[in-house]
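*Asks:* Take this structure first; my questions come after.
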Amino acid sequence: MDPILEQKFINWYDEYADAIFRHCYFRVNNRELAKELVQETFIRVFEYFKKHEIENVKPFLYKVATNLVIDYFRKKRIKEISIEELYEKQGFEPASSSSQEIISSLEIKDILQGLNQLEDGDRQVVMMRYFDGLEPKEIAEILNENSNIISVRLSRAIKKLKELLLKNGK
Amino acid sequence: MENKLKQILEKTKLIKLDQQEKMEIRRALLNFIRTQPVRAREIVRPILQERSILTKIILILKKPMPAIIVFLIVALATGGGVSLAAQQALPQDILYPIKININEKVRSALAFSPEAKAEIELELAEKRVEEAEQLAVEGKLNSAAQAQVKQNFDRHTSKIKEKIEQFGAEGKTELALQLASNLEASLKAHGKILVQLSLKGDENVRNLAKEVKIKSEDAANWREKEESKVGAEADVKTAAEGRLKAVLNKIEEVGKFIANSRVSAEAKTEAEARLKTARDSASEGKTQIEAQEYNQAFLALAKAHRLAQEAKLTITAEQRLKIHLPSTTTTIDEIGAETEKEEEKTEIKTEEETEGEIKEGIGGETKVRKGINVEVEP
């Protein structure tokens with residue numbers, strides 16, 4: 001392997017490993033599994049990178065990770081675990097002492113509950129925007145959509161979420 | 001509403017891989033990359049060349065490293081073919097200097113964090129030993145090659161030592177400990193391979209085996225030094241549990257590696273047997289943590305780590321060197337003693353050997369030998 005390309009790939013890992021881990025972790029809620037998915041994501045990306053140039057690696061990594069998570073749930077033949085269910089059952093397996101406090105606030109719990117009532121597509125964009133911190137343009141690239149469509153879907157989803165929270169609050 | 005969501009975003013950022021996990025996956029990826037055949041990307045190279053030249057120029061402007069400039073010249077003049085070919089070069093090959101002076105320095109210069117740089121040094125130290133092993137198998141490790149390997153190997157290990165000290169001084173004890181422990185595990189495991197190879201009686205291989213053994217002992221000393229700091233930092237329990245987790249991860253990783261490898265059934269069985277002893281050692285460490293015997297726990301965990309590394313090397317040695325290495329308890333000192341017998345040199349007996357007992361760690365388990373008598377024919 002050309003040392004420059006090898007280093008370029010490893011720099012991607014150094015930069016994005018935590019973000020991809022977080023992405024997988026919030027969807028499978030299992031630290032070990034999330035780590036495996038991170039490794040697999042980078043291996044898949046490397047396999048591609050061996051043969052082709054990658055213009056914009058960040059959305060590419062998320063795309064691969066998203067597909068791997070979907071594959072995982074498909075193989076296991078289970079429906080994607082609902083976020084609320086995860087919280088109720090295990091209170092989010094703590095990744096570190098600080099992550100426990102993340103979920104502890106009631107406000108956030110409410111939001112998670114509301115998120116869970118959204119349609120899959122809406123929930124996906126909200127999570128990508130506010131859990132992964134991706135820009136609408138990046139989400140659009142990951143989901144092969146037009147970025148206008150994503151922006152619209154996002155604001156619609158947030159509106160729905162707000163309504164749900166108001167309703168739940170009553 | 002959006003503010004609340006933004007708060008979530010701020011908080012979720014706290015969820016990440018811990019340092020050890022991140023390094024482990026990194027190593028696994030690098031191992032994976034290294035086992036890949038040289039890529040078939042040449043077809044697209046002409047198109048890419050323009051963009052990559054631009055990137056390379058930007059890099060030069062940012063970091064005026066001579067190695068990078070030389071690399072560029074070489075890469076431009078040859079379309080990258082030479083530096084790629086040099087990757088496979090062994091000591092005494094014409095392209096070997098390009099490999100170690102250009103390719104590898106470029107890698108190191110392009111690594112961002114001190115952690116990443118330390119990892120690279122560790123890999124390069126391992127690579128030097130692997131090259132020597134390759135030469136030894138081919139019967140080509142002459143004294144010039146051995147000297148070259150030793151010189152470069154020393155360079156990498158002293159850089160690793162610097163990094164360990166640097167991390168230690170910066171209070172990154174965990175990281176320092178991990179680095180020292182990885183180096184120790186790797187060198188002990190490689191030492192064992194070299195001992196196997198030196199059974200053929202090649203003196204250069206034997207000298208190198210001794211050299212690697214000395215360095216592995218140095219690494220053990222560095223590790224112990226860092227471990228003693230852990231004690232001072234009061235949070236021994238957390239540190240010990242961290243080690244346990246790292247070792248269990250390592251064992252799991254090696255387990256998968258063995259399962260997925262394509263080697264002879266013999267090598268697989270043997271690697272699995274070694275991994276089992278690593279598991280035993282790890283559970284011993286766990287018991288000791290529970291009993292709050294942290295020093296003992298660290299020792300058991302270091303051993304578990306080393307055994308796991310050996311298990312992995314059993315496989316990679318067969319893949320890389322195309323030879324099978326049966327398990328051995330022979331140590332480098334024993335080989336030394338036998339040769340002395342053959343050569344009838346009494347004066348070479350080291351002071352260590354004339355002492356009552358020698359503690360020997362290279363054979364995987366620590367064993368104590370009582371007074372060695374080297375028989376000498378009159």
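Here, A, B, ... name the chains of the structure tokens in the order displayed, residue numbers run from 1 inside each chain, and ligands are numbered from 1 in the same displayed order.
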Each residue of chain A lying at most 6 Å from chain B should get a row with its shortest atom-to-atom pair and the distance in Å to one decimal, counting only C-alpha atoms; could you produce that, ordered by chain and increasing number, as a tab-separated table?

*Replies:*
residue	atom	partner	partner_atom	distance
A:Met1	CA	B:Val38	CA	5.4
A:Asp2	CA	B:Leu84	CA	5.7
A:Pro3	CA	B:Arg107	CA	5.9
A:Gln7	CA	B:Arg107	CA	6.0
A:Asp18	CA	B:Lys16	CA	5.0
A:Lys50	CA	B:Arg39	CA	5.7
A:Lys51	CA	B:Arg41	CA	4.9
A:Ile102	CA	B:Lys11	CA	5.8
A:Tyr130	CA	B:Leu9	CA	5.1
A:Phe131	CA	B:Leu9	CA	5.2

*Asks:* Suppose we keep C-alpha atoms; can you now write the selection as an mmCIF file, in the first residue's frame?

*Replies:*
data_model
loop_
_atom_site.group_PDB
_atom_site.id
_atom_site.type_symbol
_atom_site.label_atom_id
_atom_site.label_comp_id
_atom_site.auth_asym_id
_atom_site.auth_seq_id
_atom_site.Cartn_x
_atom_site.Cartn_y
_atom_site.Cartn_z
ATOM 1 C CA MET A 1 0.000 0.000 0.000
ATOM 2 C CA ASP A 2 1.249 3.421 -0.890
ATOM 3 C CA PRO A 3 2.261 4.974 2.457
ATOM 4 C CA GLN A 7 -1.817 7.386 6.161
ATOM 5 C CA ASP A 18 -15.696 8.478 17.449
ATOM 6 C CA LYS A 50 -8.165 0.585 -2.545
ATOM 7 C CA LYS A 51 -9.649 0.968 -5.982
ATOM 8 C CA ILE A 102 -26.778 12.615 29.310
ATOM 9 C CA TYR A 130 -29.152 16.192 16.241
ATOM 10 C CA PHE A 131 -27.432 13.012 17.384
#

*Asks:* Mind giving me the straight-line distance from CA of Ala308 in chain B to CA of Ile251 in chain B in Å, one decimal?

*Replies:* 5.8 Å

*Asks:* Please compute the CA of Glu224 in chain B-CA of Ser281 in chain B distance, one decimal, in Å.

*Replies:*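 Separation between CA of Glu224 in chain B and CA of Ser281 in chain B: 18.0 Å.
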
*Asks:* In terms of the shortest atom-to-atom distance over only C-alpha atoms, which of A:Val57, A:Glu6, A:Leu166, A:Leu154 is closest to Ile20 in chain A?

*Replies:* A:Val57

*Asks:* Within 9 Å of range 167-170 of chain B, counting only C-alpha atoms, which residues show up once you throw out same-chain ones fewer than 4 positions away? Write them as a PyMOL selection string, please.

*Replies:* chain B and resi 114-115+162-163+174-177+226+229
